[in-house]
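Structure file target-v7.tsv with TSV, C-alpha atoms:
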```tsv
chain	number	residue	atom	x	y	z
A	1	TRP	CA	69.12	65.47	142.54
A	2	MET	CA	67.44	65.44	145.96
A	3	GLY	CA	64.48	63.32	144.91
A	4	LYS	CA	61.73	62.19	147.23
A	5	GLU	CA	64.17	61.61	150.11
A	6	CYS	CA	64.62	65.37	150.51
A	7	ALA	CA	61.21	66.67	149.44
A	8	ALA	CA	59.90	67.17	152.98
A	9	ALA	CA	63.18	68.68	154.22
A	10	ARG	CA	63.32	71.09	151.31
A	11	GLN	CA	59.79	72.27	152.07
A	12	ARG	CA	60.60	72.52	155.78
A	13	TYR	CA	63.90	74.43	155.59
A	14	CYS	CA	64.17	76.01	152.14
A	15	SER	CA	60.67	76.66	150.84
A	16	GLY	CA	61.33	80.38	150.62
A	17	VAL	CA	64.57	80.01	148.66
A	18	GLU	CA	64.36	80.85	144.97
A	19	ASP	CA	66.75	78.76	142.95
A	20	VAL	CA	66.29	79.18	139.20
A	21	GLY	CA	69.39	77.11	138.53
A	22	ARG	CA	71.61	79.18	140.83
A	23	ALA	CA	72.26	76.45	143.46
A	24	TYR	CA	70.80	78.43	146.37
A	25	VAL	CA	68.58	75.51	147.41
A	26	ALA	CA	71.62	73.22	147.58
A	27	VAL	CA	73.42	75.76	149.79
A	28	CYS	CA	70.36	76.03	152.04
A	29	MET	CA	69.99	72.25	152.33
A	30	LEU	CA	73.68	71.78	153.15
A	31	GLN	CA	73.41	74.42	155.87
A	32	ASN	CA	70.58	72.43	157.48
A	33	MET	CA	71.85	68.90	156.88
A	34	HIS	CA	72.82	68.22	160.50
A	35	ARG	CA	69.56	69.31	162.09
A	36	SER	CA	68.10	66.61	164.32
A	37	SER	CA	64.86	66.64	162.30
A	38	MET	CA	66.65	66.01	158.98
A	39	GLU	CA	65.58	62.69	157.45
A	40	PRO	CA	68.48	60.15	157.41
A	41	GLY	CA	67.98	59.37	153.72
A	42	CYS	CA	68.18	63.04	152.77
A	43	ARG	CA	71.18	63.62	155.02
A	44	GLN	CA	73.01	60.78	153.28
A	45	LYS	CA	72.32	62.36	149.89
A	46	LEU	CA	73.63	65.68	151.16
A	47	VAL	CA	76.79	64.02	152.49
A	48	GLN	CA	77.42	62.57	149.03
A	49	LEU	CA	76.80	65.97	147.41
A	50	GLN	CA	79.20	67.54	149.88
A	51	LYS	CA	81.93	65.05	148.99
A	52	VAL	CA	81.44	65.58	145.26
A	53	GLN	CA	81.54	69.37	145.67
A	54	ALA	CA	84.73	69.10	147.71
A	55	MET	CA	86.50	67.37	144.84
A	56	ASN	CA	85.13	69.27	141.85
A	57	ILE	CA	84.25	72.95	141.66
A	58	ARG	CA	81.92	72.20	138.73
A	59	PHE	CA	79.54	70.55	141.19
A	60	ASN	CA	79.47	73.72	143.28
A	61	PRO	CA	77.83	76.03	140.72
A	62	LEU	CA	77.55	78.93	143.17
A	63	LEU	CA	81.30	78.94	143.81
A	64	ALA	CA	82.17	78.26	140.16
A	65	ARG	CA	79.96	81.07	138.89
A	66	GLU	CA	80.79	83.77	141.45
A	67	CYS	CA	84.54	83.06	141.60
A	68	GLN	CA	85.46	82.41	137.97
A	69	SER	CA	87.27	85.71	137.39
A	70	ASP	CA	88.97	85.67	140.80
A	71	LEU	CA	90.13	82.08	140.32
A	72	ILE	CA	91.70	82.85	136.92
A	73	ARG	CA	93.50	85.89	138.32
A	74	ILE	CA	94.78	84.04	141.42
A	75	GLN	CA	96.00	81.14	139.29
A	76	GLN	CA	97.88	83.61	137.10
A	77	ASN	CA	99.41	85.22	140.19
A	78	HIS	CA	100.59	81.88	141.64
A	79	PRO	CA	101.48	79.63	138.69
A	80	THR	CA	104.17	77.76	140.64
A	81	LEU	CA	101.92	76.70	143.52
A	82	ALA	CA	100.54	73.19	143.18
A	83	GLU	CA	96.96	74.11	144.08
A	84	CYS	CA	96.88	77.06	141.63
A	85	ALA	CA	99.05	75.79	138.79
A	86	PRO	CA	97.31	75.06	135.46
A	87	GLN	CA	96.01	71.48	135.57
A	88	ARG	CA	94.29	69.10	133.22
A	89	GLU	CA	90.52	69.07	133.66
A	90	ASP	CA	90.48	65.51	135.04
A	91	THR	CA	93.22	66.36	137.55
A	92	ILE	CA	91.27	69.34	138.84
A	93	ALA	CA	88.10	67.27	139.07
A	94	LEU	CA	89.78	64.58	141.17
A	95	SER	CA	91.76	66.75	143.56
A	96	GLY	CA	89.70	69.80	144.49
A	97	LEU	CA	92.67	71.99	143.56
A	98	ALA	CA	90.56	74.89	142.28
A	99	ILE	CA	88.62	75.05	145.56
A	100	ARG	CA	91.82	74.85	147.57
A	101	CYS	CA	93.37	77.62	145.46
A	102	LEU	CA	90.43	79.89	146.28
A	103	THR	CA	90.25	79.09	149.99
A	104	ASP	CA	94.01	79.26	150.56
A	105	HIS	CA	94.25	82.64	148.81
A	106	ARG	CA	90.89	84.06	149.87
A	107	THR	CA	92.49	87.33	150.99
A	108	GLU	CA	93.18	88.06	147.30
A	109	VAL	CA	89.55	87.64	146.26
A	110	LYS	CA	87.97	90.91	145.11
A	111	ARG	CA	84.35	90.17	144.23
A	112	PRO	CA	82.05	90.31	147.30
A	113	GLU	CA	79.90	87.56	145.77
A	114	CYS	CA	82.94	85.29	145.56
A	115	GLN	CA	83.96	86.14	149.12
A	116	SER	CA	80.49	85.17	150.31
A	117	ALA	CA	80.60	81.90	148.36
A	118	ILE	CA	83.99	81.05	149.89
A	119	ILE	CA	82.67	81.75	153.40
A	120	ASN	CA	79.89	79.24	152.70
A	121	VAL	CA	82.50	76.67	151.66
A	122	LEU	CA	84.57	77.32	154.79
A	123	ARG	CA	81.47	76.90	156.94
A	124	GLN	CA	80.93	73.50	155.36
A	125	HIS	CA	84.58	72.60	156.05
A	126	SER	CA	84.18	73.61	159.69
A	127	ASN	CA	80.86	71.85	160.06
A	128	ASP	CA	81.93	68.53	158.54
A	129	LEU	CA	85.51	67.60	157.63
A	130	ARG	CA	84.20	65.42	154.80
A	131	ALA	CA	83.51	68.66	152.92
A	132	LYS	CA	87.17	69.72	152.93
A	133	PRO	CA	89.12	68.30	149.96
A	134	GLY	CA	91.39	65.48	151.11
A	135	MET	CA	90.73	65.83	154.84
A	136	GLU	CA	88.62	62.72	155.33
A	137	LYS	CA	91.37	60.61	153.76
A	138	ALA	CA	94.24	62.40	155.51
A	139	CYS	CA	92.62	62.07	158.95
A	140	ALA	CA	91.03	58.63	158.58
A	141	GLU	CA	93.51	56.79	160.83
A	142	ASP	CA	93.62	59.53	163.46
A	143	ILE	CA	89.83	59.76	163.58
A	144	ALA	CA	89.58	55.99	163.99
A	145	ALA	CA	92.12	56.06	166.83
A	146	LEU	CA	91.09	59.25	168.63
A	147	CYS	CA	87.50	60.12	167.72
A	148	ASN	CA	85.90	56.85	166.67
A	149	GLU	CA	82.75	57.42	168.74
A	150	THR	CA	82.28	61.04	167.64
A	151	HIS	CA	79.46	61.61	165.17
A	152	ALA	CA	80.19	63.73	162.11
A	153	GLY	CA	78.59	67.13	161.71
A	154	LYS	CA	78.24	70.34	163.73
A	155	GLY	CA	82.03	70.57	164.05
A	156	ARG	CA	82.16	67.66	166.51
A	157	VAL	CA	85.00	65.74	164.83
A	158	HIS	CA	87.05	68.94	164.47
A	159	ALA	CA	86.57	69.68	168.17
A	160	CYS	CA	87.63	66.14	169.07
A	161	LEU	CA	90.79	66.33	166.94
A	162	ARG	CA	91.73	69.70	168.44
A	163	ARG	CA	91.41	68.37	171.98
A	164	ARG	CA	93.80	65.59	171.01
A	165	ALA	CA	95.99	67.64	168.67
A	166	LYS	CA	99.24	66.42	170.22
A	167	GLN	CA	98.21	62.81	169.59
A	168	ILE	CA	97.55	63.25	165.87
A	169	LYS	CA	100.13	61.21	163.96
A	170	SER	CA	99.50	62.35	160.40
A	171	LYS	CA	101.19	65.67	159.64
A	172	GLN	CA	98.80	66.26	156.75
A	173	CYS	CA	95.83	65.78	159.06
A	174	SER	CA	97.38	68.03	161.70
A	175	ASP	CA	97.97	70.74	159.09
A	176	MET	CA	94.37	70.53	157.89
A	177	VAL	CA	93.02	70.76	161.44
A	178	SER	CA	95.11	73.92	161.86
A	179	GLU	CA	93.80	75.33	158.56
A	180	VAL	CA	90.19	74.97	159.66
A	181	LEU	CA	90.99	76.50	163.05
A	182	LYS	CA	92.70	79.45	161.36
A	183	ALA	CA	89.64	80.07	159.17
A	184	GLU	CA	87.37	79.98	162.23
A	185	LYS	CA	89.55	82.56	163.96
A	186	GLU	CA	89.38	84.87	160.95
A	187	ASP	CA	85.59	85.01	160.73
A	188	ALA	CA	83.21	84.50	163.63
A	189	THR	CA	80.48	83.13	161.35
A	190	ILE	CA	82.51	80.12	160.17
A	191	SER	CA	82.52	78.04	163.37
A	192	PRO	CA	79.17	76.28	163.95
A	193	HIS	CA	79.81	76.40	167.70
A	194	VAL	CA	80.44	80.15	167.76
A	195	ARG	CA	77.36	80.76	165.61
A	196	GLU	CA	75.28	78.68	168.00
A	197	HIS	CA	76.58	79.96	171.33
A	198	CYS	CA	77.67	83.55	170.58
A	199	SER	CA	75.03	84.86	168.19
A	200	ASN	CA	73.37	86.97	170.89
A	201	GLU	CA	76.70	88.40	172.08
A	202	MET	CA	77.70	89.29	168.51
A	203	GLN	CA	74.44	91.17	168.08
A	204	VAL	CA	74.58	92.96	171.45
A	205	PHE	CA	78.27	93.88	171.63
A	206	CYS	CA	79.82	93.72	168.15
A	207	SER	CA	77.09	94.26	165.56
A	208	SER	CA	78.92	97.26	164.06
A	209	VAL	CA	82.28	95.46	163.75
A	210	GLU	CA	83.21	94.25	160.26
A	211	HIS	CA	83.72	90.50	159.86
A	212	GLY	CA	87.09	89.07	158.89
A	213	LYS	CA	90.66	89.40	160.21
A	214	ALA	CA	89.53	88.19	163.67
A	215	ARG	CA	87.82	91.53	164.32
A	216	VAL	CA	84.56	90.18	165.75
A	217	LEU	CA	86.20	87.57	167.98
A	218	ASN	CA	88.67	90.13	169.33
A	219	CYS	CA	85.70	92.41	169.95
A	220	LEU	CA	83.82	89.68	171.82
A	221	ARG	CA	86.75	88.91	174.09
A	222	GLN	CA	86.62	92.48	175.39
A	223	TYR	CA	83.15	91.89	176.84
A	224	GLN	CA	83.59	88.48	178.44
A	225	ARG	CA	83.30	89.94	181.93
A	226	ASP	CA	80.02	91.66	181.12
A	227	PRO	CA	77.10	90.09	183.08
A	228	ARG	CA	75.18	89.64	179.82
A	229	PHE	CA	77.96	87.49	178.35
A	230	SER	CA	77.05	83.77	178.43
A	231	ALA	CA	79.32	81.08	179.84
A	232	SER	CA	78.81	78.97	176.70
A	233	CYS	CA	80.12	81.75	174.45
A	234	THR	CA	83.12	82.26	176.76
A	235	LYS	CA	83.86	78.54	176.46
A	236	GLU	CA	83.76	78.63	172.66
A	237	LEU	CA	86.04	81.67	172.51
A	238	SER	CA	88.49	79.94	174.82
A	239	SER	CA	88.52	76.86	172.58
A	240	LEU	CA	89.63	79.12	169.71
A	241	GLY	CA	92.32	80.76	171.83
A	242	PHE	CA	90.43	83.97	172.60
A	243	ASN	CA	90.06	84.99	176.22
A	244	ALA	CA	89.92	88.16	178.28
A	245	THR	CA	93.71	88.51	178.42
A	246	LYS	CA	94.70	87.58	174.85
A	247	ALA	CA	94.29	89.24	171.49
A	248	ILE	CA	94.65	87.11	168.36
A	249	SER	CA	95.88	88.31	164.99
A	250	ALA	CA	94.16	87.62	161.67
A	251	VAL	CA	96.54	84.70	161.11
A	252	GLY	CA	95.74	83.10	164.43
A	253	THR	CA	98.78	84.05	166.50
A	254	GLU	CA	98.74	85.79	169.86
A	255	LEU	CA	99.53	89.48	169.61
A	256	ALA	CA	102.18	91.15	171.74
A	257	SER	CA	100.88	93.75	174.18
A	258	PRO	CA	101.62	96.93	172.13
A	259	GLU	CA	100.29	95.39	168.92
A	260	ALA	CA	97.25	94.00	170.69
A	261	LYS	CA	96.53	97.42	172.14
A	262	ASN	CA	96.59	99.00	168.68
A	263	VAL	CA	94.36	96.32	167.15
A	264	LEU	CA	91.82	96.43	169.93
A	265	SER	CA	91.74	100.21	170.08
A	266	SER	CA	91.00	100.32	166.36
A	267	LEU	CA	88.24	97.74	166.79
A	268	LEU	CA	86.59	99.69	169.55
A	269	ARG	CA	87.43	103.18	168.32
A	270	GLU	CA	83.81	103.97	167.65
A	271	ARG	CA	82.76	102.82	171.13
A	272	ASN	CA	85.66	104.63	172.82
A	273	TYR	CA	85.01	107.77	170.80
A	274	TRP	CA	81.49	108.02	172.12
A	275	ALA	CA	82.55	107.08	175.62
A	276	LYS	CA	85.05	109.95	175.63
A	277	TRP	CA	83.32	112.65	173.60
A	278	GLY	CA	79.69	111.57	173.73
A	279	PRO	CA	78.75	113.67	176.80
A	280	VAL	CA	80.51	116.74	175.34
A	281	ILE	CA	78.78	116.35	171.98
A	282	ILE	CA	75.38	115.74	173.57
A	283	GLY	CA	75.86	118.72	175.91
A	284	GLY	CA	76.88	120.98	173.04
A	285	ALA	CA	73.95	119.81	170.95
A	286	ALA	CA	71.59	120.53	173.85
A	287	VAL	CA	72.92	124.10	174.15
A	288	ILE	CA	72.59	124.69	170.40
A	289	LEU	CA	69.07	123.26	170.28
A	290	GLY	CA	68.11	125.30	173.33
A	291	SER	CA	69.40	128.49	171.75
A	292	LEU	CA	67.68	127.64	168.50
A	293	PHE	CA	64.39	127.08	170.32
A	294	VAL	CA	64.69	130.43	172.13
A	295	GLY	CA	65.46	132.13	168.81
A	296	ILE	CA	62.44	130.57	167.11
A	297	VAL	CA	60.16	131.65	169.97
A	298	ALA	CA	61.50	135.21	169.72
A	299	VAL	CA	60.91	135.31	165.97
A	300	VAL	CA	57.37	134.00	166.40
A	301	VAL	CA	56.65	136.66	169.01
A	302	CYS	CA	58.00	139.38	166.73
A	303	ILE	CA	55.93	138.12	163.83
A	304	ARG	CA	52.80	138.10	165.93
A	305	LYS	CA	53.49	141.66	167.08
A	306	ARG	CA	54.35	142.92	163.59
A	307	PRO	CA	51.28	144.10	161.60
A	308	VAL	CA	50.54	142.23	158.46
A	309	TYR	CA	50.76	144.53	155.42
A	310	GLY	CA	47.76	143.14	153.58
A	311	ILE	CA	45.50	143.49	156.59
A	312	GLU	CA	46.68	147.07	157.21
A	313	VAL	CA	45.83	148.07	153.61
A	314	GLU	CA	42.42	146.45	153.84
A	315	GLN	CA	41.65	148.27	157.10
A	316	ALA	CA	42.84	151.61	155.67
A	317	GLU	CA	40.59	151.22	152.61
A	318	LYS	CA	37.62	150.53	154.88
A	319	GLU	CA	38.37	153.63	156.96
A	320	ASP	CA	38.65	155.81	153.81
A	321	ALA	CA	35.33	154.52	152.62
```
Would you write the structure of this file as structure tokens?
Amino acid sequence: WMGKECAAARQRYCSGVEDVGRAYVAVCMLQNMHRSSMEPGCRQKLVQLQKVQAMNIRFNPLLARECQSDLIRIQQNHPTLAECAPQREDTIALSGLAIRCLTDHRTEVKRPECQSAIINVLRQHSNDLRAKPGMEKACAEDIAALCNETHAGKGRVHACLRRRAKQIKSKQCSDMVSEVLKAEKEDATISPHVREHCSNEMQVFCSSVEHGKARVLNCLRQYQRDPRFSASCTKELSSLGFNATKAISAVGTELASPEAKNVLSSLLRERNYWAKWGPVIIGGAAVILGSLFVGIVAVVVCIRKRPVYGIEVEQAEKEDA
């Protein structure tokens, strides 16, 4: 489907990706579509693919394959919800309902492969609103009025709409902007801006913290006053509502002080544990190792002093002879 327009870009960005009909190349290309070196003709093809995938899960084979069992189960659990209710095939194809059912109820997904595929979809939504089913249409007038000069991609239009959130007239558009923001707060890897500006901080300070439920972002906010923490990462956290004095829940609301304390203490339990007991444990280990070393030396000395039975017998036989 990419044709000659994307041949060079595929070789440049995704040459090491093995596809074999599993759509991994398409995922790789979509992840790189807004690079400055991406050819305009290829980017346009990827935009069209993104729009088609947003409206029909069949054109997102990775999501369709990995999430089939989860989708069926979630639809059975929520038969009265519009996005999850049984629909005719043509209705599903034109509305993106299956994708919305999965993303809206992603906390109910069990298969790790499906969870990963959904995260990829949410990254696309955050990167370019044209990838989110119905958002381009719902926000068309507000984008024209508020963000007309903002280029699509890299989360720029989302950022523009958030800055002017109170001026958005369409409730549907406002709700969708909030949905994307909520997803970005849940997982630090969804926002393209956080991935760009906070990748080093995530590795240095929060590499052992599990993703999801705002854990990583709440972890990062604890270290904003560290000299190694960049100003650009602090700015991105602030834009999501995370700062050095606020803790945010998994659903994007500010936590009250007692609740925030519990959440943050659980996030940093491993770090606090070592801060409190590390010296004691290390000291105890040093004493044990020291004692063990002394014991080994004593045993070695005893062994060297003790006569070896075989040698004694051999010497006795020589003396008798």
Please build the interface table for segment 153-237 of chain A against segment 19-42 of chain A with a cut-off of 12 Å, listing for each qualifying residue the nearest atom pair and the distance in Å to one decimal; count all atoms listed in the file, order rows by chain and increasing number, and write it as CSV.
```
residue,atom,partner,partner_atom,distance
A:Gly153,CA,A:His34,CA,6.0
A:Lys154,CA,A:His34,CA,6.7
A:Gly155,CA,A:His34,CA,10.1
A:Arg156,CA,A:His34,CA,11.1
A:Ile190,CA,A:Gln31,CA,11.6
A:Pro192,CA,A:Gln31,CA,10.1
```
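When atom CA of Glu186 of chain A is paired with atom CA of Gln53 of chain A, their separation reads 23.1 Å.
Of the listed residues A:Leu181, A:Ala165, A:Ala140, A:Cys233, the one whose atoms come nearest to Arg195 of chain A is A:Cys233, with distances taken using all atoms listed in the file.
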Would you mind listing what lies within 9 Å of Lys45 of chain A as a PyMOL selection string, with only C-alpha atoms counted and same-chain residues fewer than 4 positions away left out? chain A and resi 1-2+5-6+40-41+49-50
Return the padded bounding box of segment 181-185 of chain A as JSON: axis-aligned, built from all atoms listed in the file, 4 Å added on each side, with centre and edge lengths in Å to one decimal.
```
{"center_x": 90.0, "center_y": 79.5, "center_z": 161.6, "size_x": 13.3, "size_y": 14.1, "size_z": 12.8}
```
Quick one: distance from atom CA of Met202 of chain A to atom CA of Arg221 of chain A in Å, one decimal? 10.6 Å
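You will find atom CA of Ala159 of chain A at 25.0 Å from atom CA of Cys206 of chain A.
Closest approach to Glu136 of chain A from the set A:Leu71, A:Val204, A:Leu237, A:Met176 is made by A:Met176, with distances taken over all atoms listed in the file.
Every polymer residue reaching to within 12 Å of (77.2, 92.1, 165.8), counting only C-alpha atoms, appears in this list: Ala188, Thr189, Arg195, Cys198, Ser199, Asn200, Glu201, Met202, Gln203, Val204, Phe205, Cys206, Ser207, Ser208, Val209, Glu210, His211, Arg215, Val216, Leu217, Cys219 and Leu220 of chain A.
Nearest residue to Glu108 of chain A among A:His78, A:Lys137, A:Lys185, A:Lys166 is A:His78, counting all atoms listed in the file.
If you measure from each of A:Ser174, A:Asn77, A:Ser126, A:Asn148 to Asp187 of chain A using all atoms listed in the file, the closest one turns out to be A:Ser126.
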Smallest atom-to-atom distance to Arg58 of chain A: which of A:Pro79, A:Gly96, A:Gly241, A:Gly16, using all atoms listed in the file? A:Gly96
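Take the candidates A:Ile57, A:Ala82, A:Ile72, A:Ile119 and check each one against Ile99 of chain A using only C-alpha atoms; the shortest distance goes to A:Ile57.
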Residues within 7 Å of Cys173 of chain A, all atoms listed in the file, excluding chain neighbours under 5 positions, as a ChimeraX atom specification: /A:135,138-139
Would you list the contacts of Leu146 of chain A as an mmCIF file with C-alpha atoms, keeping the file's coordinate frame, taking every protein, DNA or RNA residue within 9 Å and counting only C-alpha atoms, but skipping same-chain residues closer than 6 positions in sequence?
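Saved as part-v9.cif:
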```cif
data_model
loop_
_atom_site.group_PDB
_atom_site.id
_atom_site.type_symbol
_atom_site.label_atom_id
_atom_site.label_comp_id
_atom_site.auth_asym_id
_atom_site.auth_seq_id
_atom_site.Cartn_x
_atom_site.Cartn_y
_atom_site.Cartn_z
ATOM 1 C CA CYS A 160 87.630 66.140 169.070
ATOM 2 C CA LEU A 161 90.790 66.330 166.940
ATOM 3 C CA ARG A 164 93.800 65.590 171.010
ATOM 4 C CA GLN A 167 98.210 62.810 169.590
ATOM 5 C CA ILE A 168 97.550 63.250 165.870
#
```
Can you pull out the residues contacting Ala98 of chain A? Cut-off 9 Å, using all atoms listed in the file, and skip same-chain residues under 5 positions away; I want them as a count of residues only. 10
If you count all atoms listed in the file, which residues fall within 10 Å of Thr107 of chain A, apart from same-chain ones fewer than 6 positions away, as a PyMOL selection string? chain A and resi 115+212-213
How would segment 183-204 of chain A read, as a compact mmCIF listing (two decimals), in the coordinates of the input, once N, CA and C atoms are built in?
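Listed below is the output, rebuild11.txt:
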```
# COMPACT_ATOMS: atom_id res chain seq x y z
N ALA A 183 90.79 79.46 159.84
CA ALA A 183 89.64 80.07 159.17
C ALA A 183 88.58 80.49 160.18
N GLU A 184 88.37 79.66 161.20
CA GLU A 184 87.37 79.98 162.23
C GLU A 184 87.78 81.20 163.04
N LYS A 185 89.08 81.39 163.22
CA LYS A 185 89.55 82.56 163.96
C LYS A 185 89.40 83.84 163.13
N GLU A 186 89.48 83.70 161.82
CA GLU A 186 89.38 84.87 160.95
C GLU A 186 87.97 85.44 160.92
N ASP A 187 86.98 84.55 160.89
CA ASP A 187 85.59 85.01 160.73
C ASP A 187 84.70 84.29 161.73
N ALA A 188 84.02 85.07 162.55
CA ALA A 188 83.21 84.50 163.63
C ALA A 188 82.04 83.67 163.13
N THR A 189 81.65 83.85 161.86
CA THR A 189 80.48 83.13 161.35
C THR A 189 80.83 81.75 160.80
N ILE A 190 82.11 81.39 160.76
CA ILE A 190 82.51 80.12 160.17
C ILE A 190 82.29 78.96 161.13
N SER A 191 82.66 79.12 162.39
CA SER A 191 82.52 78.04 163.37
C SER A 191 81.06 77.80 163.72
N PRO A 192 80.56 76.56 163.57
CA PRO A 192 79.17 76.28 163.95
C PRO A 192 78.93 76.48 165.44
N HIS A 193 79.96 76.24 166.26
CA HIS A 193 79.81 76.40 167.70
C HIS A 193 79.70 77.87 168.09
N VAL A 194 80.52 78.71 167.47
CA VAL A 194 80.44 80.15 167.76
C VAL A 194 79.11 80.71 167.28
N ARG A 195 78.66 80.29 166.10
CA ARG A 195 77.36 80.76 165.61
C ARG A 195 76.23 80.36 166.56
N GLU A 196 76.34 79.18 167.12
CA GLU A 196 75.28 78.68 168.00
C GLU A 196 75.30 79.37 169.36
N HIS A 197 76.49 79.51 169.94
CA HIS A 197 76.58 79.96 171.33
C HIS A 197 76.86 81.46 171.50
N CYS A 198 77.28 82.13 170.44
CA CYS A 198 77.67 83.55 170.58
C CYS A 198 76.85 84.49 169.71
N SER A 199 75.80 84.00 169.09
CA SER A 199 75.03 84.86 168.19
C SER A 199 74.44 86.07 168.92
N ASN A 200 73.95 85.86 170.13
CA ASN A 200 73.37 86.97 170.89
C ASN A 200 74.44 87.99 171.27
N GLU A 201 75.61 87.50 171.70
CA GLU A 201 76.70 88.40 172.08
C GLU A 201 77.20 89.20 170.88
N MET A 202 77.27 88.56 169.71
CA MET A 202 77.70 89.29 168.51
C MET A 202 76.74 90.42 168.18
N GLN A 203 75.45 90.16 168.38
CA GLN A 203 74.44 91.17 168.08
C GLN A 203 74.48 92.30 169.10
N VAL A 204 74.64 91.96 170.38
CA VAL A 204 74.58 92.96 171.45
C VAL A 204 75.84 93.82 171.49
```
